[in-house]
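Participant: First, the structure itself, so that you have it in front of you.
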Amino acid sequence: MTADLFETVGDARPPRETIGEGAALLRGFAKPFEAELMPALREIVRQAPFRHLITPGGHRMSVAMTNSGSLGWVSDPSGYRYDGIDPNSGTPWPPMPPVLRKLAADAAAAGGFNGFASEACLINRYVPGAKLSLHQDKDELDFAAPIVSVSLGLPAIFLFGGLKRSDPTRRYRLEHGDVVVWGGPSRLAFHGVAPLADGEHGLLGRQRINLTFRKVRLGAAGR
DNA sequence: TAGTTCCA
DNA sequence: AGTG
């Protein structure tokens, strides 16, 4: 009867999960932004198409990337760096749309970090089989600011470890709309993504899109 | 070492 | 198949 209805309507998972010191998983946080988000992403990708970067070790990354904002993360045989210019076009990365800025700032605040003004939004596209091995985000100059990671499309297994590569990792299934925020003592935590399982997502099809927001430069510039 | 592969 |  009605009692059965109420039992199945309630949330099975908590909306906010602590996954480490200064690290939170915000389930479904990006859902309210979805309608504005999708056209904004389409426009960014139109101006700066996804491309597969080469690591300093000479390997082609399975994840395809592009950027939005005043700075973008790039990798080539000479190393990792942030650059204001898209090496493919020779022109600046597409500006970060207000909806992306707002999503990043709101999520950071919900994760315990007020005043987050991201300068760079790295956009990663995973197709089935694509993965990101365990690594640290340490090319930024400002480690006081957190990392904000937004999941869209197919679900993925997120690996979250400690400050040493050898630290044990925990696995979290991230679904469309989930946001992970890590900073403070977790800012340099090793993390990665397991090979994407095949599937079909109603909005994005056979792919996962991840947005990673970072503050790169030191100090008040960019705030 | 934001890589791949093998093996317990 | 997942983990280390």
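Residue numbering restarts at 1 for every chain of the structure tokens, chains are lettered A, B, ... in their displayed order, and ligands are numbered from 1 as they appear.
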Identify all residues of range 35-136 of chain A in strand (DSSP E) (DSSP on the backbone) and supply them as a VMD selection string.
Facilitator: chain A and resid 51 to 54 60 to 69 72 to 76 79 to 83 120 to 126 132 to 135
Participant: Return as a tab-separated table the residues of chain A lying at most 12 Å from chain C, together with the closest atom-to-atom pair for each and the distance in Å to one decimal, counting only C-alpha atoms (C1' of nucleotides), with rows in chain order and ascending residue number.
Facilitator:
```
residue	atom	partner	partner_atom	distance
A:Arg165	CA	C:DG4	C1'	11.4
A:Ser166	CA	C:DG4	C1'	9.0
A:Asp167	CA	C:DG4	C1'	10.3
A:Pro168	CA	C:DG4	C1'	8.8
A:Thr169	CA	C:DT3	C1'	9.8
A:Arg170	CA	C:DT3	C1'	10.8
A:Arg171	CA	C:DG2	C1'	11.0
A:Ala194	CA	C:DG2	C1'	11.0
```
Participant: If we count only C-alpha atoms (C1' of nucleotides), which residues of chain B reach to within 8 Å of chain A? Please list them as a PyMOL selection string.
Facilitator: chain B and resi 1-3
Participant: Compile the contact shell of Pro146 in chain A as an MDAnalysis selection string: residues with an atom at most 12 Å away, counting only C-alpha atoms (C1' of nucleotides), same-chain residues fewer than 3 positions apart removed.
Facilitator: chainID A and resid 22:24 104:105 107:118 137:138 140:143 149 180:189 212:216
Participant: Do a neighbour search on Cys121 in chain A at 10 Å with only C-alpha atoms (C1' of nucleotides), toss out local chain neighbours closer than 3 positions, and write the hits as an MDAnalysis selection string.
Facilitator: chainID A and resid 66:73 93 95:96 100:101 104 118 124 148:149 210:215
Participant: Which value, in Å to one decimal, gives the distance between CA of Glu36 in chain A and CA of Ile19 in chain A?
Facilitator: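 CA of Ile19 in chain A lies 28.5 Å from CA of Glu36 in chain A.
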Participant: Check the DSSP output for the backbone and give back, as an mmCIF file with N, CA, C and O atoms, in the first residue's frame, the residues of range 41-222 of chain A in helix (DSSP H, G or I).
Facilitator:
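result.cif, written as the output of this step:
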```cif
data_model
loop_
_atom_site.group_PDB
_atom_site.id
_atom_site.type_symbol
_atom_site.label_atom_id
_atom_site.label_comp_id
_atom_site.auth_asym_id
_atom_site.auth_seq_id
_atom_site.Cartn_x
_atom_site.Cartn_y
_atom_site.Cartn_z
ATOM 1 N N LEU A 41 28.831 22.383 -22.776
ATOM 2 C CA LEU A 41 29.916 21.453 -23.127
ATOM 3 C C LEU A 41 30.015 21.268 -24.637
ATOM 4 O O LEU A 41 31.110 21.207 -25.202
ATOM 5 N N ARG A 42 28.859 21.183 -25.268
ATOM 6 C CA ARG A 42 28.838 21.005 -26.727
ATOM 7 C C ARG A 42 29.565 22.162 -27.421
ATOM 8 O O ARG A 42 30.316 21.964 -28.370
ATOM 9 N N GLU A 43 29.360 23.358 -26.907
ATOM 10 C CA GLU A 43 29.988 24.542 -27.510
ATOM 11 C C GLU A 43 31.501 24.535 -27.286
ATOM 12 O O GLU A 43 32.267 24.887 -28.181
ATOM 13 N N ILE A 44 31.930 24.126 -26.093
ATOM 14 C CA ILE A 44 33.370 24.043 -25.813
ATOM 15 C C ILE A 44 34.037 23.054 -26.767
ATOM 16 O O ILE A 44 35.062 23.350 -27.389
ATOM 17 N N VAL A 45 33.410 21.880 -26.891
ATOM 18 C CA VAL A 45 33.999 20.821 -27.715
ATOM 19 C C VAL A 45 34.006 21.213 -29.196
ATOM 20 O O VAL A 45 34.882 20.795 -29.956
ATOM 21 N N ARG A 46 33.039 22.026 -29.583
ATOM 22 C CA ARG A 46 33.020 22.516 -30.967
ATOM 23 C C ARG A 46 34.253 23.389 -31.235
ATOM 24 O O ARG A 46 34.886 23.287 -32.282
ATOM 25 N N GLN A 47 34.604 24.233 -30.259
ATOM 26 C CA GLN A 47 35.746 25.146 -30.431
ATOM 27 C C GLN A 47 37.086 24.447 -30.208
ATOM 28 O O GLN A 47 38.083 24.802 -30.827
ATOM 29 N N PRO A 98 29.634 30.418 -17.332
ATOM 30 C CA PRO A 98 29.191 30.669 -15.959
ATOM 31 C C PRO A 98 28.624 29.425 -15.272
ATOM 32 O O PRO A 98 28.849 29.235 -14.071
ATOM 33 N N VAL A 99 27.920 28.587 -16.000
ATOM 34 C CA VAL A 99 27.322 27.407 -15.374
ATOM 35 C C VAL A 99 28.410 26.463 -14.841
ATOM 36 O O VAL A 99 28.243 25.832 -13.788
ATOM 37 N N LEU A 100 29.552 26.395 -15.528
ATOM 38 C CA LEU A 100 30.651 25.560 -15.053
ATOM 39 C C LEU A 100 31.298 26.185 -13.809
ATOM 40 O O LEU A 100 31.602 25.481 -12.844
ATOM 41 N N ARG A 101 31.521 27.476 -13.841
ATOM 42 C CA ARG A 101 32.087 28.183 -12.685
ATOM 43 C C ARG A 101 31.225 27.976 -11.447
ATOM 44 O O ARG A 101 31.713 27.692 -10.359
ATOM 45 N N LYS A 102 29.924 28.114 -11.643
ATOM 46 C CA LYS A 102 28.975 28.016 -10.530
ATOM 47 C C LYS A 102 28.946 26.595 -9.969
ATOM 48 O O LYS A 102 28.978 26.386 -8.755
ATOM 49 N N LEU A 103 28.878 25.629 -10.852
ATOM 50 C CA LEU A 103 28.876 24.236 -10.420
ATOM 51 C C LEU A 103 30.122 23.922 -9.596
ATOM 52 O O LEU A 103 30.040 23.324 -8.518
ATOM 53 N N ALA A 104 31.284 24.350 -10.092
ATOM 54 C CA ALA A 104 32.538 24.072 -9.394
ATOM 55 C C ALA A 104 32.573 24.754 -8.026
ATOM 56 O O ALA A 104 32.961 24.142 -7.023
ATOM 57 N N ALA A 105 32.171 26.011 -7.985
ATOM 58 C CA ALA A 105 32.208 26.765 -6.725
ATOM 59 C C ALA A 105 31.224 26.191 -5.708
ATOM 60 O O ALA A 105 31.548 26.034 -4.524
ATOM 61 N N ASP A 106 30.024 25.860 -6.167
ATOM 62 C CA ASP A 106 29.006 25.312 -5.266
ATOM 63 C C ASP A 106 29.425 23.951 -4.722
ATOM 64 O O ASP A 106 29.238 23.652 -3.537
ATOM 65 N N ALA A 107 29.980 23.122 -5.598
ATOM 66 C CA ALA A 107 30.411 21.787 -5.170
ATOM 67 C C ALA A 107 31.566 21.890 -4.181
ATOM 68 O O ALA A 107 31.597 21.173 -3.171
ATOM 69 N N ALA A 108 32.517 22.772 -4.471
ATOM 70 C CA ALA A 108 33.648 22.958 -3.549
ATOM 71 C C ALA A 108 33.135 23.375 -2.177
ATOM 72 O O ALA A 108 33.562 22.831 -1.148
ATOM 73 N N ALA A 109 32.209 24.322 -2.156
ATOM 74 C CA ALA A 109 31.646 24.797 -0.879
ATOM 75 C C ALA A 109 30.952 23.648 -0.146
ATOM 76 O O ALA A 109 31.115 23.482 1.071
ATOM 77 N N ALA A 110 30.205 22.835 -0.884
ATOM 78 C CA ALA A 110 29.524 21.692 -0.268
ATOM 79 C C ALA A 110 30.533 20.688 0.277
ATOM 80 O O ALA A 110 30.245 19.941 1.206
ATOM 81 N N GLY A 184 42.851 19.974 0.956
ATOM 82 C CA GLY A 184 43.470 19.905 2.280
ATOM 83 C C GLY A 184 44.430 18.735 2.352
ATOM 84 O O GLY A 184 45.284 18.578 1.472
ATOM 85 N N PRO A 185 44.279 17.877 3.371
ATOM 86 C CA PRO A 185 45.201 16.756 3.544
ATOM 87 C C PRO A 185 45.110 15.737 2.404
ATOM 88 O O PRO A 185 46.023 14.929 2.243
ATOM 89 N N SER A 186 44.023 15.774 1.630
ATOM 90 C CA SER A 186 43.845 14.814 0.532
ATOM 91 C C SER A 186 44.224 15.393 -0.831
ATOM 92 O O SER A 186 44.110 14.710 -1.844
#
```
Participant: Excluding range 196-204 of chain A and its own-chain neighbours fewer than 6 positions away, which residues fall within 7 Å of it when counting only C-alpha atoms (C1' of nucleotides)? Please give them as a list of chain:residue names.
Facilitator: A:Tyr126, A:Val127, A:Pro128, A:Gly129, A:Ala130, A:Lys131, A:Gly153, A:Leu154, A:Ala156
Participant: What is the CA of Arg16 in chain A to CA of Leu163 in chain A distance in Å?
Facilitator: 22.5 Å
